[in-house]
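See below for input-v8.txt, which holds compact mmCIF, C-alpha atoms and all ligand atoms.
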```
# COMPACT_ATOMS: atom_id res chain seq x y z
CA MET A 1 -30.90 12.05 -4.26
CA ARG A 2 -30.10 8.32 -4.44
CA ASP A 3 -28.90 8.81 -8.03
CA ALA A 4 -26.55 11.60 -6.96
CA ILE A 5 -25.09 9.52 -4.12
CA THR A 6 -24.68 6.57 -6.47
CA TYR A 7 -22.89 8.75 -9.01
CA ILE A 8 -20.51 10.18 -6.43
CA VAL A 9 -19.78 6.91 -4.64
CA PHE A 10 -19.62 4.55 -7.63
CA GLY A 11 -18.75 7.00 -10.42
CA TRP A 12 -16.19 9.37 -8.91
CA TYR A 13 -14.96 7.84 -5.66
CA PRO A 14 -13.32 4.91 -7.55
CA TYR A 15 -11.03 7.38 -9.35
CA LEU A 16 -10.03 9.07 -6.10
CA CYS A 17 -9.19 5.67 -4.59
CA LEU A 18 -7.31 4.43 -7.66
CA THR A 19 -5.28 7.64 -7.93
CA VAL A 20 -4.25 7.61 -4.25
CA PHE A 21 -3.51 3.86 -4.53
CA LEU A 22 -1.26 4.21 -7.58
CA VAL A 23 0.47 7.49 -6.73
CA GLY A 24 0.84 6.61 -3.05
CA SER A 25 2.26 3.15 -3.79
CA TRP A 26 4.61 4.58 -6.37
CA LEU A 27 5.91 7.25 -3.98
CA ARG A 28 6.47 4.72 -1.23
CA PHE A 29 8.11 2.30 -3.65
CA ASP A 30 10.35 5.02 -5.01
CA ARG A 31 11.28 6.82 -1.82
CA GLU A 32 10.84 4.63 1.16
CA GLN A 33 10.75 1.03 0.08
CA TYR A 34 12.89 0.05 3.04
CA THR A 35 10.32 1.40 5.49
CA TRP A 36 7.79 -1.24 4.59
CA LYS A 37 7.67 -4.48 6.37
CA THR A 38 5.12 -7.01 7.35
CA GLY A 39 5.52 -5.85 10.95
CA SER A 40 5.71 -9.42 12.12
CA SER A 41 5.78 -10.49 15.75
CA GLN A 42 6.80 -13.99 14.75
CA LEU A 43 8.32 -15.16 17.97
CA LEU A 44 5.07 -15.04 19.92
CA ARG A 45 2.31 -17.65 19.61
CA ARG A 46 3.97 -19.18 16.55
CA ARG A 47 1.46 -21.99 15.94
CA GLN A 48 -1.51 -19.67 15.93
CA LEU A 49 0.37 -17.26 13.68
CA MET A 50 1.32 -20.04 11.25
CA TRP A 51 -2.21 -21.40 10.90
CA GLY A 52 -3.80 -17.96 10.85
CA SER A 53 -1.34 -16.51 8.39
CA ASN A 54 -1.42 -19.49 6.00
CA LEU A 55 -5.22 -19.74 5.90
CA PHE A 56 -5.56 -15.98 5.55
CA HIS A 57 -3.02 -15.69 2.73
CA VAL A 58 -4.24 -18.69 0.73
CA GLY A 59 -7.86 -17.54 1.11
CA ILE A 60 -7.25 -13.93 0.19
CA LEU A 61 -5.04 -14.81 -2.78
CA VAL A 62 -7.74 -17.09 -4.23
CA ILE A 63 -10.32 -14.32 -3.63
CA PHE A 64 -8.04 -11.76 -5.26
CA VAL A 65 -7.44 -13.87 -8.40
CA GLY A 66 -11.15 -14.79 -8.51
CA HIS A 67 -12.25 -11.14 -8.20
CA PHE A 68 -9.68 -9.99 -10.75
CA ALA A 69 -10.59 -12.58 -13.38
CA GLY A 70 -14.30 -12.62 -12.52
CA LEU A 71 -14.85 -8.87 -12.63
CA LEU A 72 -12.40 -7.81 -15.32
CA THR A 73 -12.68 -10.54 -17.99
CA PRO A 74 -15.03 -9.24 -20.71
CA ILE A 75 -18.29 -11.16 -20.58
CA TRP A 76 -18.05 -12.07 -24.30
CA ILE A 77 -15.01 -14.23 -23.47
CA PHE A 78 -17.10 -16.33 -21.08
CA ASP A 79 -19.85 -16.46 -23.74
CA ALA A 80 -17.33 -17.52 -26.42
CA LEU A 81 -16.02 -20.27 -24.11
CA GLY A 82 -19.56 -21.50 -23.57
CA ILE A 83 -19.54 -20.66 -19.84
CA SER A 84 -23.10 -19.68 -18.96
CA HIS A 85 -23.83 -16.80 -16.59
CA THR A 86 -25.45 -19.22 -14.15
CA PHE A 87 -22.34 -21.41 -14.13
CA LYS A 88 -20.10 -18.40 -13.61
CA GLN A 89 -22.29 -17.24 -10.73
CA TRP A 90 -22.00 -20.68 -9.15
CA MET A 91 -18.21 -20.61 -9.57
CA ALA A 92 -18.06 -17.25 -7.76
CA ILE A 93 -20.21 -18.61 -4.96
CA VAL A 94 -18.42 -21.95 -4.52
CA ILE A 95 -14.77 -20.94 -5.09
CA GLY A 96 -15.21 -17.53 -3.43
CA GLY A 97 -17.21 -19.10 -0.60
CA VAL A 98 -14.64 -21.81 0.24
CA ALA A 99 -11.74 -19.35 -0.01
CA GLY A 100 -13.76 -16.82 2.00
CA ILE A 101 -14.33 -19.30 4.83
CA ALA A 102 -10.61 -20.27 4.90
CA CYS A 103 -9.74 -16.57 4.98
CA PHE A 104 -12.31 -15.98 7.73
CA VAL A 105 -10.85 -18.73 9.97
CA GLY A 106 -7.33 -17.40 9.33
CA MET A 107 -8.26 -13.80 10.07
CA THR A 108 -10.14 -14.78 13.23
CA LEU A 109 -6.97 -16.50 14.50
CA LEU A 110 -4.81 -13.51 13.56
CA ILE A 111 -7.16 -10.99 15.14
CA HIS A 112 -7.55 -13.07 18.29
CA ARG A 113 -3.78 -13.36 18.58
CA ARG A 114 -3.21 -9.67 18.00
CA LEU A 115 -5.94 -8.33 20.28
CA PHE A 116 -6.01 -10.82 23.13
CA ASP A 117 -2.29 -11.41 23.71
CA SER A 118 -1.22 -8.35 25.67
CA ARG A 119 2.43 -8.62 24.52
CA ILE A 120 1.42 -8.56 20.87
CA ARG A 121 -1.27 -5.94 21.46
CA THR A 122 1.24 -3.51 22.95
CA THR A 123 3.60 -3.81 19.99
CA SER A 124 0.79 -3.36 17.41
CA SER A 125 0.21 0.09 16.00
CA PHE A 126 -3.25 1.59 15.49
CA GLY A 127 -2.73 1.10 11.74
CA ASP A 128 -1.95 -2.64 12.13
CA ILE A 129 -5.16 -3.26 14.02
CA ALA A 130 -7.31 -0.94 11.88
CA ILE A 131 -6.34 -2.54 8.56
CA LEU A 132 -6.90 -6.04 9.93
CA LEU A 133 -10.38 -5.08 11.15
CA LEU A 134 -11.15 -3.30 7.86
CA LEU A 135 -10.25 -6.42 5.87
CA TYR A 136 -12.26 -8.54 8.30
CA ALA A 137 -15.35 -6.33 7.82
CA GLN A 138 -14.87 -6.50 4.04
CA LEU A 139 -14.57 -10.27 4.17
CA ILE A 140 -17.75 -10.60 6.24
CA LEU A 141 -19.62 -8.32 3.82
CA GLY A 142 -18.29 -10.42 0.92
CA LEU A 143 -19.54 -13.62 2.56
CA ALA A 144 -22.88 -11.89 3.25
CA THR A 145 -23.30 -11.36 -0.52
CA ILE A 146 -23.53 -15.12 -1.04
CA PRO A 147 -27.14 -15.59 0.24
CA VAL A 148 -28.14 -12.58 -1.91
CA SER A 149 -26.44 -14.07 -4.98
CA LEU A 150 -28.25 -17.37 -4.35
CA ASN A 151 -31.48 -15.46 -5.05
CA HIS A 152 -30.45 -14.55 -8.59
CA LEU A 153 -28.58 -17.50 -9.98
CA ASP A 154 -29.17 -16.38 -13.57
CA GLY A 155 -26.14 -14.14 -12.97
CA HIS A 156 -27.72 -10.88 -14.17
CA GLU A 157 -26.57 -8.96 -11.05
CA MET A 158 -23.06 -10.38 -11.45
CA VAL A 159 -22.96 -9.14 -15.07
CA LYS A 160 -23.89 -5.65 -13.81
CA PHE A 161 -20.90 -5.68 -11.43
CA MET A 162 -18.62 -6.82 -14.26
CA ASN A 163 -19.87 -4.03 -16.52
CA TRP A 164 -19.44 -1.52 -13.71
CA ALA A 165 -15.84 -2.56 -12.92
CA GLN A 166 -14.87 -2.67 -16.60
CA GLY A 167 -16.65 0.64 -17.29
CA ILE A 168 -14.79 2.37 -14.46
CA LEU A 169 -11.43 1.10 -15.71
CA THR A 170 -12.25 2.35 -19.22
CA LEU A 171 -13.01 5.83 -17.85
CA GLN A 172 -16.81 5.78 -18.02
CA PRO A 173 -18.06 7.09 -14.65
CA GLY A 174 -21.65 6.92 -15.94
CA VAL A 175 -21.65 3.13 -15.43
CA SER A 176 -22.36 3.91 -11.77
CA ALA A 177 -26.06 3.97 -12.77
CA LEU A 178 -25.88 0.17 -13.05
CA LEU A 179 -25.59 0.01 -9.26
CA THR A 180 -28.55 2.23 -8.36
CA ASP A 181 -30.73 -0.73 -7.44
CA ALA A 182 -28.00 -3.09 -6.24
CA HIS A 183 -28.63 -4.74 -2.86
CA PRO A 184 -27.21 -2.66 0.06
CA VAL A 185 -24.85 -5.47 1.02
CA PHE A 186 -23.22 -5.27 -2.43
CA ARG A 187 -23.07 -1.47 -2.29
CA ALA A 188 -21.42 -1.62 1.13
CA HIS A 189 -18.96 -4.31 -0.04
CA LEU A 190 -17.99 -2.29 -3.12
CA PHE A 191 -17.63 0.94 -1.12
CA LEU A 192 -15.42 -0.65 1.51
CA GLY A 193 -13.41 -2.45 -1.21
CA MET A 194 -12.61 0.89 -2.84
CA THR A 195 -11.73 2.37 0.56
CA ILE A 196 -9.16 -0.38 1.05
CA PHE A 197 -7.47 0.82 -2.16
CA LEU A 198 -7.57 4.35 -0.75
CA VAL A 199 -5.77 3.54 2.50
CA PHE A 200 -3.50 0.85 0.99
CA PRO A 201 -0.32 2.98 0.59
CA PHE A 202 -0.51 4.13 4.22
CA THR A 203 -0.66 0.66 5.72
CA ARG A 204 1.49 -2.43 6.02
CA LEU A 205 -0.46 -3.78 3.01
CA VAL A 206 2.19 -2.17 0.80
CA HIS A 207 4.33 -5.23 1.45
CA VAL A 208 2.10 -6.90 -1.18
CA TRP A 209 4.24 -5.12 -3.80
CA SER A 210 7.22 -7.12 -2.58
CA ALA A 211 5.67 -10.36 -3.86
CA PRO A 212 8.39 -12.01 -5.94
CA ILE A 213 6.42 -11.64 -9.22
CA TRP A 214 9.14 -9.19 -10.33
CA TYR A 215 11.36 -12.19 -11.05
CA LEU A 216 9.02 -13.23 -13.84
CA GLY A 217 9.81 -10.13 -15.87
CA ARG A 218 13.51 -9.97 -15.08
CA ARG A 219 15.77 -9.95 -18.13
CA GLY A 220 18.94 -11.99 -18.12
CA TYR A 221 20.42 -14.16 -15.43
CA GLN A 222 21.90 -13.36 -12.11
CA ILE A 223 25.32 -14.94 -11.74
CA VAL A 224 26.06 -16.04 -8.24
CA ARG A 225 29.69 -16.81 -7.42
CA SER A 226 31.14 -17.96 -4.19
CA GLY A 227 33.69 -15.13 -4.31
CA ARG A 228 36.54 -17.56 -3.65
CA PRO A 229 39.16 -17.95 -6.43
CA ALA A 230 40.37 -21.44 -7.35
CA GLY A 231 43.51 -21.25 -5.24
CA GLY A 232 41.66 -19.85 -2.24
CA LEU A 233 41.79 -16.32 -0.85
CA PRO A 234 44.92 -15.03 0.86
CA ALA A 235 44.43 -14.78 4.60
CA GLY A 236 42.63 -11.59 5.61
CA ALA A 237 41.56 -10.67 2.03
CA PRO A 238 38.01 -9.26 1.77
CA ARG A 239 35.57 -11.79 0.37
CA TYR A 240 34.35 -9.42 -2.38
CA PRO A 241 37.37 -7.27 -3.29
CA ALA A 242 36.51 -3.80 -4.68
CA ARG A 243 37.07 -3.46 -8.42
C1 LIG A 301 -12.36 -3.23 -4.62
C2 LIG A 301 -12.39 -4.40 -4.02
C3 LIG A 301 -13.52 -5.39 -4.17
C4 LIG A 301 -14.57 -5.42 -5.06
C5 LIG A 301 -14.87 -4.44 -6.19
C6 LIG A 301 -15.35 -6.61 -4.76
C7 LIG A 301 -16.48 -7.01 -5.45
C8 LIG A 301 -17.23 -8.15 -5.20
C9 LIG A 301 -18.39 -8.57 -5.91
C10 LIG A 301 -19.01 -7.83 -7.10
C11 LIG A 301 -18.81 -9.74 -5.37
C12 LIG A 301 -20.01 -10.57 -5.81
C13 LIG A 301 -19.66 -11.59 -6.84
C14 LIG A 301 -20.92 -12.23 -7.33
O1 LIG A 301 -21.62 -12.88 -6.55
O2 LIG A 301 -21.21 -12.06 -8.50
C15 LIG A 301 -17.92 -10.07 -4.29
C16 LIG A 301 -18.02 -11.19 -3.49
C17 LIG A 301 -17.15 -11.51 -2.48
N1 LIG A 301 -16.07 -10.75 -2.04
FE1 LIG A 301 -15.45 -9.00 -2.85
N2 LIG A 301 -14.78 -7.27 -3.70
C18 LIG A 301 -13.66 -6.55 -3.32
C19 LIG A 301 -12.78 -6.86 -2.30
C20 LIG A 301 -12.88 -7.98 -1.51
C21 LIG A 301 -11.95 -8.32 -0.45
C22 LIG A 301 -10.70 -7.49 -0.06
C23 LIG A 301 -12.39 -9.49 0.11
C24 LIG A 301 -11.81 -10.28 1.23
C25 LIG A 301 -11.25 -9.75 2.27
C26 LIG A 301 -13.61 -9.88 -0.59
C27 LIG A 301 -14.35 -11.01 -0.32
C28 LIG A 301 -15.45 -11.42 -1.03
C29 LIG A 301 -16.15 -12.69 -0.79
C30 LIG A 301 -15.77 -13.75 0.24
C31 LIG A 301 -17.21 -12.73 -1.71
C32 LIG A 301 -18.25 -13.88 -1.83
C33 LIG A 301 -17.76 -14.98 -2.73
C34 LIG A 301 -17.59 -14.55 -4.17
O3 LIG A 301 -18.58 -14.21 -4.81
O4 LIG A 301 -16.42 -14.53 -4.61
N3 LIG A 301 -13.86 -8.94 -1.57
N4 LIG A 301 -16.95 -9.09 -4.19
```

Reformat the file's structure so that it appears as structure tokens.
Ligand code: HEM
Amino acid sequence: MRDAITYIVFGWYPYLCLTVFLVGSWLRFDREQYTWKTGSSQLLRRRQLMWGSNLFHVGILVIFVGHFAGLLTPIWIFDALGISHTFKQWMAIVIGGVAGIACFVGMTLLIHRRLFDSRIRTTSSFGDIAILLLLYAQLILGLATIPVSLNHLDGHEMVKFMNWAQGILTLQPGVSALLTDAHPVFRAHLFLGMTIFLVFPFTRLVHVWSAPIWYLGRRGYQIVRSGRPAGGLPAGAPRYPAR
């Protein structure tokens, strides 16, 4: 029974989540990009918002980069670089732990502001509150993995998670068997993590796709002109005359 659940949750569920994540994001990007927004209520409790938002974003970005590189870099690259599994496990604990605590403080401020200020509460949708609480639960589960990881500093559990993540992305659902005996806190963290991918396109998290990384791949230059010819525009002329 446990094997069957493991296979469904860690072998098939990831593909459901990834498909909804990619297709859903693409549809929203293609059809309704202008409907996504951060949903900010910036004018209220600005200081708390600034601290909360900055700590949350810095923390979660470090966690994101750490998870991405830590889970998806083939283990032979770490071996070739002479980075031992124990050292890598310590890096995950220390870097992920510090970023996780920053993120936790930030999210606590944001959640407090959103739930306990009645003006902000009334303007928040169910989705705004639900996604914040989902991320908060995921963060707490992530932090709760640290004491478990401290019990196996040789990194063998961490290598299992790397092989699982890389196996899933190379279309091998059978790698789910690696997680049969994983600690429940890891199983819960992985399950909720995949669920976040599942609901991503339906939440304000889609604004992540607006990160200005697109500029990095842009070909050519954008020429910005003032729109004012050398002699000045005649009075009443439109600033950008139609061609
Ligand atoms: C699909 C999404 C996710 C997956 C597959 C995932 C997976 C993992 C794994 C395998 C670990 C243990 C690393 C180790 O000790 O070897 C971990 C730790 C952790 N995760 Fe996640 N995670 C996901 C999303 C998140 C999110 C969204 C957050 C924050 C909101 C988060 C916060 C943490 C924290 C704070 C730790 C402990 C520090 C560390 O080891 O980096 N995780 N995660």

**Request:** Identify, counting all atoms listed in the file, the protein, DNA and RNA residues located within 6 Å of ligand LIG 301 (chain A), and give them as a list in words.
**Result:**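 Checking all atoms listed in the file against ligand LIG 301 (chain A) at 6 Å gives Ile60, Gln89, Ala92, Ile93, Gly96, Gly97, Gly100, Leu135, Gln138, Leu139, Gly142, Leu143, Thr145, Ile146, Ser149, Met158, Phe161, Leu190, Gly193 and Met194 of chain A.
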
Filtering to C-alpha atoms, could you give me those residues as a PDB file, in the coordinates of the input?
```pdb
ATOM      1  CA  ILE A  60      -7.250 -13.930   0.190  1.00  0.00           C
ATOM      2  CA  GLN A  89     -22.290 -17.240 -10.730  1.00  0.00           C
ATOM      3  CA  ALA A  92     -18.060 -17.250  -7.760  1.00  0.00           C
ATOM      4  CA  ILE A  93     -20.210 -18.610  -4.960  1.00  0.00           C
ATOM      5  CA  GLY A  96     -15.210 -17.530  -3.430  1.00  0.00           C
ATOM      6  CA  GLY A  97     -17.210 -19.100  -0.600  1.00  0.00           C
ATOM      7  CA  GLY A 100     -13.760 -16.820   2.000  1.00  0.00           C
ATOM      8  CA  LEU A 135     -10.250  -6.420   5.870  1.00  0.00           C
ATOM      9  CA  GLN A 138     -14.870  -6.500   4.040  1.00  0.00           C
ATOM     10  CA  LEU A 139     -14.570 -10.270   4.170  1.00  0.00           C
ATOM     11  CA  GLY A 142     -18.290 -10.420   0.920  1.00  0.00           C
ATOM     12  CA  LEU A 143     -19.540 -13.620   2.560  1.00  0.00           C
ATOM     13  CA  THR A 145     -23.300 -11.360  -0.520  1.00  0.00           C
ATOM     14  CA  ILE A 146     -23.530 -15.120  -1.040  1.00  0.00           C
ATOM     15  CA  SER A 149     -26.440 -14.070  -4.980  1.00  0.00           C
ATOM     16  CA  MET A 158     -23.060 -10.380 -11.450  1.00  0.00           C
ATOM     17  CA  PHE A 161     -20.900  -5.680 -11.430  1.00  0.00           C
ATOM     18  CA  LEU A 190     -17.990  -2.290  -3.120  1.00  0.00           C
ATOM     19  CA  GLY A 193     -13.410  -2.450  -1.210  1.00  0.00           C
ATOM     20  CA  MET A 194     -12.610   0.890  -2.840  1.00  0.00           C
TER      21      MET A 194
END
```

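Checking A:Leu169, A:Leu22, A:Ala177, A:Phe126 one by one against Asp3 (chain A), counting all atoms listed in the file, you find the shortest gap at A:Ala177.
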
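The space between CA of Ser84 (chain A) and CA of Glu157 (chain A) spans 13.8 Å.
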
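Among the candidates A:Val58, A:Leu27, A:Leu18, A:Ile129, the residue lying nearest to Gly106 (chain A) is A:Val58 (atoms considered: only C-alpha atoms).
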
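You will find CA of Ser25 (chain A) at 18.2 Å from CA of Phe64 (chain A).
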
**Request:** Show which residues sit within 12 Å of Ile8 (chain A), as a ChimeraX atom specification. Count all atoms listed in the file, and ignore same-chain residues fewer than 2 positions away.
**Result:** /A:1-6,10-16,173-177,179-180,191

**Request:** Find the distance between CA of Leu115 (chain A) and CA of Ser53 (chain A) and write it in Å to one decimal.
**Result:** 15.1 Å

**Request:** Compare A:Arg28, A:Arg46, A:Met107, A:Thr195 by their minimum atom-to-atom distance to Ser210 (chain A), counting all atoms listed in the file, and give me the closest one.
**Result:**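 Among A:Arg28, A:Arg46, A:Met107, A:Thr195, it is A:Arg28 that comes nearest to Ser210 (chain A).
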
Per-axis box centre and lengths in Å around region 51-55 of chain A, 8 Å margin per side, axis-aligned, as JSON:
```
{"center_x": -3.3, "center_y": -19.0, "center_z": 8.4, "size_x": 19.9, "size_y": 20.9, "size_z": 21.0}
```

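When all atoms listed in the file are used to measure the gap to Gln166 (chain A), the shortest distance among A:Val98, A:Ile140, A:Cys103, A:Ile75 belongs to A:Ile75.
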
**Item:** Residue nearest Val105 (chain A) - candidates A:Gly167, A:Pro201, A:Gly24, A:Gly52, atoms counted: all atoms listed in the file
**Value:**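 Comparing A:Gly167, A:Pro201, A:Gly24, A:Gly52 against Val105 (chain A), the winner is A:Gly52.
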
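Distance annotation: of A:Leu81, A:His152, A:Gln48, A:Phe200, the residue with the minimal separation from Thr19 (chain A) is A:Phe200; atom set is only C-alpha atoms.
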
**Message:** List as JSON, numbers by chain the protein and nucleic acid residues near Arg113 (chain A), meaning an atom at most 12 Å away when all atoms listed in the file are counted, but skip any in the same chain fewer than 2 places from it.
**Reply:** {"A": [41, 42, 44, 45, 46, 47, 48, 49, 50, 51, 52, 53, 106, 107, 108, 109, 110, 111, 115, 116, 117, 118, 119, 120, 121, 122, 124, 129, 132]}

**Message:** Counting only C-alpha atoms, find residues at most 10 Å from (-13.3, -12.2, -10.5) (file frame) and give them as a PyMOL selection string.
**Reply:** chain A and resi 62-73+88+91-92+96+158+162

**Request:** Please return, as a list in words, all polymer residues that have at least one atom within 12 Å of the point (-2.0, 5.8, 8.3); use all atoms listed in the file and the file's own coordinate frame.
**Result:**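 Every polymer residue passing the test: Gly24, Ser125, Phe126, Gly127, Asp128, Ile129, Ala130, Ile131, Ile196, Leu198, Val199, Phe200, Pro201, Phe202, Thr203, Arg204, Leu205 and Val206 of chain A.
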